[in-house]
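Asks: My structure file my_file-v7.txt, compact mmCIF, N, CA and C atoms, is below:
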# COMPACT_ATOMS: atom_id res chain seq x y z
N MET J 55 181.02 278.30 306.22
CA MET J 55 180.00 278.73 305.29
C MET J 55 179.89 277.70 304.17
N GLN J 56 178.70 277.29 303.86
CA GLN J 56 178.45 276.30 302.83
C GLN J 56 178.33 276.99 301.47
N LYS J 57 178.97 276.41 300.47
CA LYS J 57 178.93 276.96 299.12
C LYS J 57 177.53 276.75 298.53
N GLU J 58 176.99 277.79 297.94
CA GLU J 58 175.68 277.71 297.31
C GLU J 58 175.82 277.16 295.90
N GLU J 59 175.20 276.01 295.66
CA GLU J 59 175.25 275.40 294.34
C GLU J 59 174.10 275.92 293.49
N LEU J 60 174.41 276.18 292.25
CA LEU J 60 173.39 276.63 291.31
C LEU J 60 172.94 275.47 290.43
N THR J 61 171.66 275.46 290.09
CA THR J 61 171.16 274.47 289.15
C THR J 61 171.62 274.86 287.75
N GLU J 62 171.52 273.92 286.82
CA GLU J 62 171.87 274.22 285.43
C GLU J 62 170.95 275.31 284.87
N ALA J 63 169.68 275.30 285.26
CA ALA J 63 168.74 276.33 284.80
C ALA J 63 169.14 277.70 285.33
N GLU J 64 169.57 277.77 286.59
CA GLU J 64 170.02 279.05 287.17
C GLU J 64 171.29 279.53 286.48
N LYS J 65 172.22 278.62 286.22
CA LYS J 65 173.46 278.99 285.51
C LYS J 65 173.14 279.50 284.11
N SER J 66 172.23 278.83 283.43
CA SER J 66 171.85 279.23 282.08
C SER J 66 171.21 280.61 282.08
N LYS J 67 170.36 280.87 283.06
CA LYS J 67 169.70 282.18 283.18
C LYS J 67 170.74 283.29 283.40
N ILE J 68 171.68 283.04 284.31
CA ILE J 68 172.73 284.02 284.58
C ILE J 68 173.57 284.25 283.33
N ALA J 69 173.97 283.18 282.65
CA ALA J 69 174.79 283.30 281.44
C ALA J 69 174.07 284.12 280.37
N THR J 70 172.77 283.91 280.23
CA THR J 70 171.97 284.67 279.27
C THR J 70 171.93 286.15 279.65
N GLU J 71 171.74 286.43 280.94
CA GLU J 71 171.71 287.83 281.40
C GLU J 71 173.05 288.51 281.16
N ILE J 72 174.15 287.82 281.44
CA ILE J 72 175.48 288.40 281.24
C ILE J 72 175.75 288.61 279.76
N ASN J 73 175.39 287.63 278.94
CA ASN J 73 175.60 287.77 277.50
C ASN J 73 174.81 288.95 276.94
N THR J 74 173.60 289.15 277.42
CA THR J 74 172.77 290.28 276.98
C THR J 74 173.44 291.60 277.36
N LEU J 75 173.95 291.70 278.59
CA LEU J 75 174.62 292.92 279.02
C LEU J 75 175.92 293.14 278.24
N PHE J 76 176.65 292.07 277.98
CA PHE J 76 177.88 292.16 277.19
C PHE J 76 177.58 292.69 275.79
N GLU J 77 176.53 292.16 275.15
CA GLU J 77 176.13 292.62 273.81
C GLU J 77 175.75 294.10 273.83
N LYS J 78 175.04 294.49 274.88
CA LYS J 78 174.65 295.90 275.03
C LYS J 78 175.90 296.79 275.16
N SER J 79 176.87 296.35 275.95
CA SER J 79 178.12 297.10 276.10
C SER J 79 178.89 297.15 274.79
N LEU J 80 178.89 296.04 274.08
CA LEU J 80 179.58 295.96 272.79
C LEU J 80 178.99 296.96 271.80
N LYS J 81 177.67 297.00 271.71
CA LYS J 81 177.00 297.94 270.79
C LYS J 81 177.29 299.39 271.20
N ALA J 82 177.28 299.68 272.50
CA ALA J 82 177.59 301.03 272.97
C ALA J 82 179.03 301.39 272.61
N GLY J 83 179.95 300.45 272.76
CA GLY J 83 181.34 300.70 272.41
C GLY J 83 181.53 300.92 270.92
N GLU J 84 180.84 300.14 270.12
CA GLU J 84 180.95 300.29 268.66
C GLU J 84 180.44 301.65 268.20
N SER J 85 179.40 302.15 268.84
CA SER J 85 178.84 303.45 268.44
C SER J 85 179.45 304.61 269.23
N LEU J 86 180.45 304.29 270.07
CA LEU J 86 181.15 305.30 270.87
C LEU J 86 180.17 306.06 271.77
N ASP J 87 179.19 305.34 272.30
CA ASP J 87 178.14 305.89 273.15
C ASP J 87 178.62 305.89 274.61
N ILE J 88 179.14 307.02 275.06
CA ILE J 88 179.69 307.13 276.42
C ILE J 88 178.63 306.79 277.47
N ASN J 89 177.43 307.32 277.33
CA ASN J 89 176.36 307.02 278.30
C ASN J 89 176.00 305.55 278.30
N GLY J 90 175.92 304.96 277.13
CA GLY J 90 175.61 303.54 277.01
C GLY J 90 176.66 302.66 277.66
N ILE J 91 177.92 303.04 277.52
CA ILE J 91 179.01 302.30 278.16
C ILE J 91 178.92 302.46 279.68
N THR J 92 178.74 303.68 280.11
CA THR J 92 178.75 304.02 281.54
C THR J 92 177.60 303.36 282.30
N GLU J 93 176.43 303.27 281.71
CA GLU J 93 175.28 302.73 282.44
C GLU J 93 175.41 301.26 282.78
N ASN J 94 176.36 300.55 282.16
CA ASN J 94 176.57 299.13 282.44
C ASN J 94 177.62 298.88 283.52
N VAL J 95 178.16 299.96 284.10
CA VAL J 95 179.27 299.86 285.06
C VAL J 95 178.84 300.38 286.42
N ASN J 96 179.34 299.73 287.47
CA ASN J 96 179.20 300.22 288.84
C ASN J 96 180.59 300.16 289.45
N ASP J 97 181.13 301.32 289.82
CA ASP J 97 182.50 301.40 290.32
C ASP J 97 182.57 301.60 291.84
N THR J 98 181.50 301.28 292.56
CA THR J 98 181.51 301.49 294.01
C THR J 98 182.53 300.59 294.72
N LEU J 99 182.89 299.45 294.14
CA LEU J 99 183.89 298.57 294.76
C LEU J 99 185.32 299.05 294.52
N ARG J 100 185.50 299.98 293.58
CA ARG J 100 186.83 300.51 293.25
C ARG J 100 187.83 299.38 292.96
N ALA J 101 187.40 298.44 292.10
CA ALA J 101 188.24 297.29 291.76
C ALA J 101 189.34 297.64 290.77
N GLY J 102 189.25 298.79 290.12
CA GLY J 102 190.25 299.20 289.15
C GLY J 102 189.93 298.69 287.75
N PHE J 103 190.52 299.34 286.77
CA PHE J 103 190.32 298.99 285.36
C PHE J 103 191.68 299.04 284.69
N ILE J 104 191.95 298.10 283.79
CA ILE J 104 193.25 298.03 283.12
C ILE J 104 193.03 298.06 281.62
N ASP J 105 193.82 298.89 280.94
CA ASP J 105 193.76 298.97 279.49
C ASP J 105 195.17 299.01 278.93
N ASN J 106 195.54 297.99 278.18
CA ASN J 106 196.87 297.89 277.55
C ASN J 106 198.00 298.17 278.54
N GLY J 107 197.93 297.53 279.69
CA GLY J 107 198.99 297.64 280.68
C GLY J 107 198.92 298.88 281.56
N VAL J 108 197.92 299.73 281.37
CA VAL J 108 197.78 300.93 282.19
C VAL J 108 196.65 300.70 283.19
N TYR J 109 196.96 300.92 284.46
CA TYR J 109 195.99 300.74 285.54
C TYR J 109 195.28 302.07 285.82
N PHE J 110 193.97 302.01 285.86
CA PHE J 110 193.15 303.17 286.22
C PHE J 110 192.45 302.85 287.53
N LYS J 111 192.60 303.72 288.52
CA LYS J 111 192.03 303.41 289.84
C LYS J 111 190.52 303.62 289.91
N SER J 112 189.95 304.30 288.91
CA SER J 112 188.51 304.47 288.89
C SER J 112 188.00 304.40 287.45
N PHE J 113 186.71 304.12 287.33
CA PHE J 113 186.10 304.08 286.00
C PHE J 113 186.08 305.47 285.37
N ASN J 114 185.85 306.50 286.18
CA ASN J 114 185.87 307.87 285.66
C ASN J 114 187.22 308.21 285.06
N GLU J 115 188.28 307.79 285.73
CA GLU J 115 189.63 308.03 285.20
C GLU J 115 189.81 307.30 283.87
N ARG J 116 189.33 306.07 283.80
CA ARG J 116 189.42 305.30 282.56
C ARG J 116 188.63 305.96 281.43
N MET J 117 187.44 306.43 281.75
CA MET J 117 186.59 307.05 280.72
C MET J 117 187.16 308.38 280.25
N SER J 118 187.85 309.09 281.09
CA SER J 118 188.48 310.34 280.68
C SER J 118 189.47 310.06 279.55
N GLY J 119 190.27 309.01 279.72
CA GLY J 119 191.22 308.61 278.67
C GLY J 119 190.51 308.13 277.42
N PHE J 120 189.40 307.43 277.60
CA PHE J 120 188.64 306.91 276.46
C PHE J 120 188.05 308.05 275.65
N LYS J 121 187.51 309.06 276.34
CA LYS J 121 186.92 310.21 275.64
C LYS J 121 187.96 310.91 274.78
N ASN J 122 189.19 311.02 275.29
CA ASN J 122 190.26 311.63 274.50
C ASN J 122 190.66 310.73 273.33
N ALA J 123 190.69 309.43 273.57
CA ALA J 123 191.15 308.48 272.55
C ALA J 123 190.20 308.39 271.37
N ILE J 124 188.91 308.66 271.57
CA ILE J 124 187.96 308.51 270.46
C ILE J 124 187.83 309.76 269.60
N ASN J 125 188.51 310.85 269.97
CA ASN J 125 188.51 312.03 269.10
C ASN J 125 189.09 311.65 267.75
N GLY J 126 188.36 311.94 266.70
CA GLY J 126 188.84 311.63 265.35
C GLY J 126 188.45 310.24 264.88
N ILE J 127 187.64 309.53 265.67
CA ILE J 127 187.16 308.20 265.27
C ILE J 127 185.70 308.31 264.89
N ASP J 128 185.36 307.82 263.71
CA ASP J 128 183.96 307.83 263.26
C ASP J 128 183.17 306.65 263.82
N SER J 129 183.76 305.47 263.78
CA SER J 129 183.06 304.28 264.25
C SER J 129 184.07 303.16 264.47
N GLN J 130 183.59 302.12 265.13
CA GLN J 130 184.42 300.93 265.29
C GLN J 130 183.52 299.69 265.27
N GLU J 131 184.11 298.60 264.83
CA GLU J 131 183.41 297.31 264.79
C GLU J 131 184.22 296.31 265.58
N MET J 132 183.52 295.48 266.35
CA MET J 132 184.17 294.43 267.12
C MET J 132 183.56 293.10 266.70
N ALA J 133 184.40 292.18 266.28
CA ALA J 133 183.95 290.84 265.92
C ALA J 133 184.46 289.88 266.98
N ILE J 134 183.55 289.33 267.75
CA ILE J 134 183.93 288.40 268.81
C ILE J 134 184.28 287.05 268.18
N VAL J 135 185.47 286.54 268.52
CA VAL J 135 185.91 285.23 268.03
C VAL J 135 185.74 284.19 269.13
N ASN J 136 186.12 284.55 270.35
CA ASN J 136 186.02 283.65 271.49
C ASN J 136 185.29 284.36 272.62
N ILE J 137 184.45 283.62 273.32
CA ILE J 137 183.80 284.16 274.51
C ILE J 137 183.57 283.01 275.49
N LYS J 138 183.86 283.26 276.75
CA LYS J 138 183.67 282.25 277.80
C LYS J 138 183.09 282.97 279.01
N ILE J 139 181.92 282.52 279.44
CA ILE J 139 181.27 283.06 280.63
C ILE J 139 181.43 282.02 281.74
N THR J 140 182.06 282.44 282.84
CA THR J 140 182.27 281.56 283.98
C THR J 140 181.53 282.12 285.17
N ILE J 141 180.60 281.36 285.69
CA ILE J 141 179.80 281.80 286.83
C ILE J 141 180.54 281.39 288.10
N LEU J 142 181.04 282.38 288.82
CA LEU J 142 181.82 282.13 290.02
C LEU J 142 180.94 281.97 291.26
N SER J 143 179.80 282.64 291.24
CA SER J 143 178.83 282.56 292.33
C SER J 143 177.51 283.11 291.80
N PRO J 144 176.44 283.05 292.60
CA PRO J 144 175.17 283.62 292.12
C PRO J 144 175.25 285.12 291.83
N ASN J 145 176.29 285.79 292.35
CA ASN J 145 176.40 287.24 292.21
C ASN J 145 177.69 287.72 291.55
N VAL J 146 178.54 286.80 291.08
CA VAL J 146 179.81 287.19 290.45
C VAL J 146 180.07 286.31 289.23
N VAL J 147 180.35 286.98 288.11
CA VAL J 147 180.59 286.27 286.85
C VAL J 147 181.82 286.87 286.17
N LEU J 148 182.60 285.99 285.56
CA LEU J 148 183.78 286.38 284.79
C LEU J 148 183.48 286.11 283.32
N LEU J 149 183.72 287.09 282.47
CA LEU J 149 183.57 286.92 281.03
C LEU J 149 184.91 287.22 280.38
N ALA J 150 185.43 286.27 279.62
CA ALA J 150 186.67 286.47 278.87
C ALA J 150 186.33 286.37 277.39
N SER J 151 186.88 287.28 276.59
CA SER J 151 186.59 287.26 275.16
C SER J 151 187.79 287.78 274.37
N SER J 152 187.79 287.43 273.11
CA SER J 152 188.80 287.97 272.21
C SER J 152 188.18 288.07 270.83
N GLY J 153 188.84 288.85 269.99
CA GLY J 153 188.32 289.02 268.65
C GLY J 153 189.12 290.00 267.84
N ASN J 154 188.46 290.54 266.85
CA ASN J 154 189.10 291.47 265.90
C ASN J 154 188.32 292.78 265.88
N TYR J 155 189.07 293.86 265.73
CA TYR J 155 188.41 295.17 265.64
C TYR J 155 188.77 295.86 264.34
N LYS J 156 187.89 296.77 263.95
CA LYS J 156 188.11 297.62 262.79
C LYS J 156 187.64 299.01 263.19
N VAL J 157 188.53 299.99 263.08
CA VAL J 157 188.22 301.36 263.47
C VAL J 157 188.29 302.25 262.23
N LYS J 158 187.22 303.03 262.03
CA LYS J 158 187.20 303.99 260.91
C LYS J 158 187.57 305.36 261.46
N ILE J 159 188.68 305.90 260.97
CA ILE J 159 189.19 307.20 261.38
C ILE J 159 188.52 308.28 260.52
N SER J 160 188.36 309.46 261.09
CA SER J 160 187.68 310.57 260.38
C SER J 160 188.32 310.90 259.03
N ASP J 161 189.62 310.65 258.89
CA ASP J 161 190.29 310.97 257.62
C ASP J 161 190.11 309.86 256.58
N GLY J 162 189.31 308.83 256.92
CA GLY J 162 189.02 307.77 255.96
C GLY J 162 189.83 306.49 256.15
N ARG J 163 190.90 306.56 256.92
CA ARG J 163 191.71 305.35 257.14
C ARG J 163 190.92 304.33 257.97
N ILE J 164 191.27 303.07 257.77
CA ILE J 164 190.71 301.96 258.54
C ILE J 164 191.87 301.29 259.27
N LEU J 165 191.75 301.19 260.58
CA LEU J 165 192.75 300.48 261.38
C LEU J 165 192.15 299.16 261.83
N GLU J 166 192.94 298.10 261.76
CA GLU J 166 192.46 296.77 262.15
C GLU J 166 193.43 296.14 263.13
N GLY J 167 192.90 295.28 263.99
CA GLY J 167 193.74 294.58 264.94
C GLY J 167 192.94 293.58 265.75
N LYS J 168 193.58 293.11 266.81
CA LYS J 168 192.98 292.11 267.68
C LYS J 168 192.79 292.69 269.07
N PHE J 169 191.87 292.09 269.83
CA PHE J 169 191.67 292.50 271.22
C PHE J 169 191.43 291.27 272.09
N ALA J 170 191.71 291.44 273.37
CA ALA J 170 191.39 290.44 274.39
C ALA J 170 190.87 291.20 275.60
N TRP J 171 189.76 290.73 276.13
CA TRP J 171 189.09 291.42 277.23
C TRP J 171 188.72 290.45 278.34
N THR J 172 188.74 290.95 279.57
CA THR J 172 188.17 290.24 280.71
C THR J 172 187.25 291.22 281.42
N PHE J 173 186.03 290.80 281.68
CA PHE J 173 185.05 291.60 282.42
C PHE J 173 184.66 290.83 283.67
N VAL J 174 184.57 291.53 284.80
CA VAL J 174 184.01 290.96 286.01
C VAL J 174 182.68 291.65 286.25
N TYR J 175 181.63 290.84 286.37
CA TYR J 175 180.29 291.35 286.63
C TYR J 175 179.88 290.99 288.05
N SER J 176 179.17 291.89 288.69
CA SER J 176 178.63 291.63 290.02
C SER J 176 177.18 292.08 290.04
N LYS J 177 176.36 291.34 290.77
CA LYS J 177 174.96 291.72 290.90
C LYS J 177 174.87 292.70 292.05
N ILE J 178 174.53 293.95 291.72
CA ILE J 178 174.45 295.04 292.69
C ILE J 178 173.04 295.61 292.62
N ASN J 179 172.37 295.65 293.76
CA ASN J 179 170.97 296.11 293.80
C ASN J 179 170.11 295.37 292.78
N ASN J 180 170.35 294.06 292.70
CA ASN J 180 169.60 293.15 291.83
C ASN J 180 169.80 293.41 290.33
N GLU J 181 170.89 294.10 289.97
CA GLU J 181 171.23 294.34 288.55
C GLU J 181 172.68 293.94 288.31
N TRP J 182 172.93 293.28 287.19
CA TRP J 182 174.30 292.95 286.82
C TRP J 182 175.01 294.20 286.33
N LYS J 183 176.22 294.42 286.86
CA LYS J 183 177.03 295.56 286.45
C LYS J 183 178.48 295.11 286.29
N ILE J 184 179.20 295.77 285.42
CA ILE J 184 180.63 295.55 285.27
C ILE J 184 181.32 296.25 286.44
N VAL J 185 182.18 295.52 287.15
CA VAL J 185 182.92 296.11 288.27
C VAL J 185 184.43 296.17 288.01
N HIS J 186 184.88 295.48 286.95
CA HIS J 186 186.30 295.50 286.60
C HIS J 186 186.45 295.05 285.15
N THR J 187 187.40 295.66 284.45
CA THR J 187 187.75 295.21 283.10
C THR J 187 189.27 295.18 282.95
N HIS J 188 189.73 294.30 282.11
CA HIS J 188 191.14 294.23 281.72
C HIS J 188 191.12 294.03 280.21
N MET J 189 191.57 295.05 279.49
CA MET J 189 191.51 295.03 278.03
C MET J 189 192.90 295.18 277.45
N SER J 190 193.16 294.45 276.36
CA SER J 190 194.46 294.59 275.70
C SER J 190 194.30 294.38 274.20
N ASN J 191 195.26 294.89 273.50
CA ASN J 191 195.32 294.74 272.04
C ASN J 191 196.66 294.07 271.70
N PRO J 192 196.65 292.73 271.59
CA PRO J 192 197.91 292.03 271.29
C PRO J 192 198.47 292.45 269.93
N LYS J 193 199.77 292.47 269.88
CA LYS J 193 200.44 292.85 268.63
C LYS J 193 200.48 291.68 267.68
What's the structure tokens form of this structure?
Replies:
Amino acid sequence: MQKEELTEAEKSKIATEINTLFEKSLKAGESLDINGITENVNDTLRAGFIDNGVYFKSFNERMSGFKNAINGIDSQEMAIVNIKITILSPNVVLLASSGNYKVKISDGRILEGKFAWTFVYSKINNEWKIVHTHMSNPK
């Protein structure tokens, strides 16, 4: 099988599409919008999701934990410091990012820290979707 080479224009278009979807996911996460987060994911490949060393075999399982974790949180802010989009093929993209977060708790406290994320995107039914994530909060 011959490897399909992408032109620079095609790579740029894909990178723009992935960045747009990443920004949309980021905004949904900051506003704790479960539907907004979910609509960017397709879990039909069952690739698994990892959060702080915990493996979730499905996105639904991961979101169940997320729904519990956001109880008592008013809002959160994510400041991206590093982002790298790597186009692996016309239909698969890897996005790695890191940054700083700030979480406002219902009791008024503000928690701050760092995060590192890896997202795998796949084009499914002509739409880019997240098929795997690996998220961590370094100490």
Asks: Identify, with DSSP run on backbone atoms, the residues in chain J assigned to helix (DSSP H, G or I), and express the list as number ranges by chain.
Replies: J: 62-84, 88-92, 113-123
Asks: Env of J:Ser152: 6.5 Å cut, atoms = all atoms listed in the file, seq-sep filter 2 positions within chain, self excluded. Answer as a ChimeraX atom specification.
Replies: /J:133-137,150,154,169-171
Asks: So the first atom is atom N of J:Gly167 and the second is atom N of J:Ser118; what is the distance between them in Å, to one decimal place?
Replies: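 Taking atom N of J:Gly167 and atom N of J:Ser118, their separation equals 22.6 Å.
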Asks: From the set J:Ile184, J:Lys78, J:Thr61, J:Lys177, which residue has the shortest atom-to-atom contact distance to J:Val146, counting only C-alpha atoms?
Replies: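 Checking each candidate against J:Val146, we get J:Lys177 as the closest.
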Asks: Atom CA of J:Ser112 and atom CA of J:Asp97 are how many Å apart?
Replies: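 Computing it gives 6.9 Å between the two atoms.
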Asks: Using atom CA of J:Ser151 and atom CA of J:Lys138 as the two end points, give the distance in Å to one decimal.
Replies: 6.4 Å
Asks: Could you work out an axis-aligned bounding box for all listed atoms of stretch 156-161 of chain J, with 4 Å added on each of the six sides, and give its centre and edge lengths in Å to one decimal, as AutoDock Vina command-line options?
Replies:
--center_x 188.7 --center_y 303.9 --center_z 260.3 --size_x 11.1 --size_y 22.2 --size_z 15.4
Asks: What are the closest atom pairs, with distances in Å to one decimal, for all residues of stretch 148-190 of chain J lying within 6 Å of stretch 104-109 of chain J? Consider only N, CA and C atoms, order rows by chain and residue number, and present the result as a tab-separated table.
Replies:
residue	atom	partner	partner_atom	distance
J:Thr187	C	J:Ile104	N	4.1
J:His188	CA	J:Ile104	C	4.3
J:Met189	C	J:Asn106	N	3.9
J:Ser190	CA	J:Asn106	N	4.3
Asks: Rank J:Pro144, J:Gly119, J:Gly102, J:Gly83 by their smallest atom-to-atom distance to J:Ile68, using only C-alpha atoms, and report the top residue only.
Replies: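 Closest residue, counting only C-alpha atoms: J:Pro144.
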Asks: Excluding stretch 126-131 of chain J and residues on its chain fewer than 4 positions from it, collect all residues at most 6.5 Å away from it, counting all atoms listed in the file, and give them as a list in words.
Replies: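 Contacts, with the query itself left out: Gly83, Glu84, Ser85, Leu86, Asn154, Tyr155, Lys156, Val157, Lys158, Ile159, Ser160 and Asp161 of chain J.
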Asks: Rank J:Lys81, J:Lys65, J:Lys168, J:Lys111 by their smallest atom-to-atom distance to J:Pro192, using only C-alpha atoms, and report the top residue only.
Replies: J:Lys168
Asks: Based on DSSP run over this structure's backbone, return all residues of stretch 82-115 of chain J in strand (DSSP E), as number ranges by chain.
Replies: J: 103-105, 108-110
